[in-house]
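Below is entry39.pdb, holding PDB, C-alpha atoms.
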```
ATOM      1  CA  MET B  16     192.593  61.368  -5.397
ATOM      2  CA  ASP B  17     195.208  58.867  -6.392
ATOM      3  CA  LEU B  18     196.409  58.313  -9.920
ATOM      4  CA  LEU B  19     194.684  54.970 -10.411
ATOM      5  CA  THR B  20     191.275  56.389  -9.497
ATOM      6  CA  LEU B  21     191.842  59.327 -11.829
ATOM      7  CA  LEU B  22     192.707  57.015 -14.702
ATOM      8  CA  PHE B  23     189.504  55.023 -14.229
ATOM      9  CA  ARG B  24     187.287  58.091 -13.927
ATOM     10  CA  LEU B  25     188.804  60.091 -16.762
ATOM     11  CA  PRO B  26     186.954  58.265 -19.603
ATOM     12  CA  PHE B  27     183.611  59.036 -17.930
ATOM     13  CA  VAL B  28     184.116  62.799 -17.641
ATOM     14  CA  PRO B  29     182.512  63.576 -21.042
ATOM     15  CA  LEU B  30     179.529  61.365 -20.191
ATOM     16  CA  ARG B  31     179.027  63.032 -16.818
ATOM     17  CA  SER B  32     179.256  66.455 -18.508
ATOM     18  CA  PHE B  33     176.686  65.409 -21.091
ATOM     19  CA  VAL B  34     174.297  64.181 -18.398
ATOM     20  CA  ARG B  35     174.695  67.457 -16.479
ATOM     21  CA  LEU B  36     174.008  69.450 -19.657
ATOM     22  CA  ALA B  37     170.857  67.393 -20.262
ATOM     23  CA  GLU B  38     169.688  68.124 -16.705
ATOM     24  CA  ILE B  39     170.246  71.854 -17.191
ATOM     25  CA  LEU B  40     168.336  71.838 -20.490
ATOM     26  CA  HIS B  41     165.478  69.891 -18.914
ATOM     27  CA  ASP B  42     165.217  72.343 -16.013
ATOM     28  CA  GLN B  43     165.224  75.328 -18.388
ATOM     29  CA  ALA B  44     162.537  73.759 -20.590
ATOM     30  CA  GLU B  45     160.357  73.089 -17.532
ATOM     31  CA  ARG B  46     160.727  76.697 -16.367
ATOM     32  CA  GLU B  47     159.806  78.054 -19.801
ATOM     33  CA  LEU B  48     156.878  75.668 -20.181
ATOM     34  CA  HIS B  49     155.294  76.693 -16.892
ATOM     35  CA  ASP B  50     156.281  80.358 -16.918
ATOM     36  CA  PRO B  51     153.174  82.547 -16.477
ATOM     37  CA  ALA B  52     154.568  85.088 -18.956
ATOM     38  CA  SER B  53     154.915  82.371 -21.590
ATOM     39  CA  VAL B  54     151.355  81.194 -20.953
ATOM     40  CA  ARG B  55     150.064  84.746 -21.210
ATOM     41  CA  ARG B  56     151.938  85.270 -24.484
ATOM     42  CA  GLN B  57     150.384  82.071 -25.876
ATOM     43  CA  LEU B  58     146.900  83.240 -24.888
ATOM     44  CA  GLU B  59     147.471  86.681 -26.429
ATOM     45  CA  GLU B  60     148.661  85.113 -29.691
ATOM     46  CA  ALA B  61     145.613  82.838 -29.740
ATOM     47  CA  HIS B  62     143.318  85.824 -29.121
ATOM     48  CA  GLU B  63     144.928  87.742 -31.990
ATOM     49  CA  ALA B  64     144.557  84.688 -34.243
ATOM     50  CA  ARG B  65     140.870  84.482 -33.288
ATOM     51  CA  LEU B  66     140.335  88.140 -34.120
ATOM     52  CA  SER B  67     141.971  87.671 -37.524
ATOM     53  CA  GLY B  68     139.835  84.599 -38.212
ATOM     54  CA  GLU B  69     142.666  82.060 -38.163
ATOM     55  CA  MET B  70     141.224  80.159 -35.177
ATOM     56  CA  SER B  71     137.721  79.054 -34.259
ATOM     57  CA  ASP B  72     136.092  79.224 -30.837
ATOM     58  CA  ALA B  73     136.803  75.517 -30.347
ATOM     59  CA  ASP B  74     140.490  76.074 -31.078
ATOM     60  CA  ILE B  75     140.591  78.945 -28.583
ATOM     61  CA  ALA B  76     138.978  76.735 -25.950
ATOM     62  CA  ASP B  77     141.643  74.083 -26.564
ATOM     63  CA  VAL B  78     144.456  76.630 -26.246
ATOM     64  CA  GLU B  79     142.964  78.036 -23.046
ATOM     65  CA  GLY B  80     142.587  74.543 -21.584
ATOM     66  CA  GLN B  81     146.206  73.719 -22.381
ATOM     67  CA  ALA B  82     147.384  77.021 -20.894
ATOM     68  CA  VAL B  83     145.481  76.457 -17.659
ATOM     69  CA  GLY B  84     146.822  72.908 -17.532
ATOM     70  CA  ARG B  85     150.376  74.194 -17.889
ATOM     71  CA  LEU B  86     149.896  76.583 -15.005
ATOM     72  CA  LEU B  87     148.164  74.115 -12.704
ATOM     73  CA  SER B  88     150.422  71.123 -13.369
ATOM     74  CA  TYR B  89     153.546  72.903 -12.155
ATOM     75  CA  PRO B  90     154.444  72.112  -8.534
ATOM     76  CA  ALA B  91     154.590  74.968  -6.059
ATOM     77  CA  LYS B  92     157.888  76.767  -6.118
ATOM     78  CA  ALA B  93     160.198  75.759  -3.337
ATOM     79  CA  PRO B  94     162.492  78.336  -1.802
ATOM     80  CA  ALA B  95     165.713  78.716  -3.735
ATOM     81  CA  GLN B  96     168.372  76.403  -2.442
ATOM     82  CA  LYS B  97     172.061  76.296  -3.016
ATOM     83  CA  PRO B  98     172.879  73.535  -5.525
ATOM     84  CA  VAL B  99     174.436  70.471  -4.011
ATOM     85  CA  SER B 100     177.807  69.474  -5.391
ATOM     86  CA  ARG B 101     177.837  65.949  -6.771
ATOM     87  CA  ARG B 102     181.571  65.475  -6.505
ATOM     88  CA  ARG B 103     182.865  62.682  -4.397
ATOM     89  CA  ARG B 104     186.138  63.038  -2.647
TER      90      ARG B 104
END
```

The structure in this file should be written as structure tokens.
Amino acid sequence: MDLLTLLFRLPFVPLRSFVRLAEILHDQAERELHDPASVRRQLEEAHEARLSGEMSDADIADVEGQAVGRLLSYPAKAPAQKPVSRRRR
């Protein structure tokens, strides 16, 4: 990489890092949202709230519908792939 190219790209390094961080956070949030363990924990908490009288049957039905929607809306897991480097040389 020659010096001139480096000088033009240098100001954009923080922006590229920020975009990469946002992508990582988005991926992690998607995994947590559609994680079966997280859905199960939500359903267990709703069941406990129902037993203690904090939630009605209609509220439980809403929670169950949302939980099923979270599980079904997630695309099938693809086999793990090695991340592709985005660097240009």

Contacts of region 50-63 of chain B at 8 Å (only C-alpha atoms; same-chain gap of 3+ positions) as a compact mmCIF listing (two decimals) with C-alpha atoms, keeping the file's coordinate frame:
```txt
# COMPACT_ATOMS: atom_id res chain seq x y z
CA ARG B 46 160.73 76.70 -16.37
CA GLU B 47 159.81 78.05 -19.80
CA LEU B 66 140.34 88.14 -34.12
CA SER B 67 141.97 87.67 -37.52
CA MET B 70 141.22 80.16 -35.18
CA ILE B 75 140.59 78.94 -28.58
CA VAL B 78 144.46 76.63 -26.25
CA GLU B 79 142.96 78.04 -23.05
CA ALA B 82 147.38 77.02 -20.89
CA ARG B 85 150.38 74.19 -17.89
CA LEU B 86 149.90 76.58 -15.00
```

Notebook entry, point to check: How many Å lie between CA of Gln81 (chain B) and CA of Glu69 (chain B), rounded to one decimal?
Noted result: 18.2 Å

Notebook entry, point to check: Can you tell me how far CA of Gly80 (chain B) sits from CA of Ala44 (chain B), in Å to one decimal?
Noted result: 20.0 Å

Check: What is the distance, in Å and to one decimal place, between CA of Asp72 (chain B) and CA of Glu45 (chain B)?
Finding: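 Going from CA of Asp72 (chain B) over to CA of Glu45 (chain B), I get 28.3 Å.
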
Notebook entry, point to check: So, counting only C-alpha atoms, which residue among B:Leu18, B:Leu48, B:Ala64, B:Ala37 is closest to Gly84 (chain B)?
Noted result: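 Looking at the shortest contact to Gly84 (chain B), the residue is B:Leu48.
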
Notebook entry, point to check: From the list B:Thr20, B:Ser32, B:Ser71, B:Ser88, which residue is nearest His49 (chain B) when using only C-alpha atoms?
Noted result: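 The shortest atom-to-atom distance to His49 (chain B) comes from B:Ser88.
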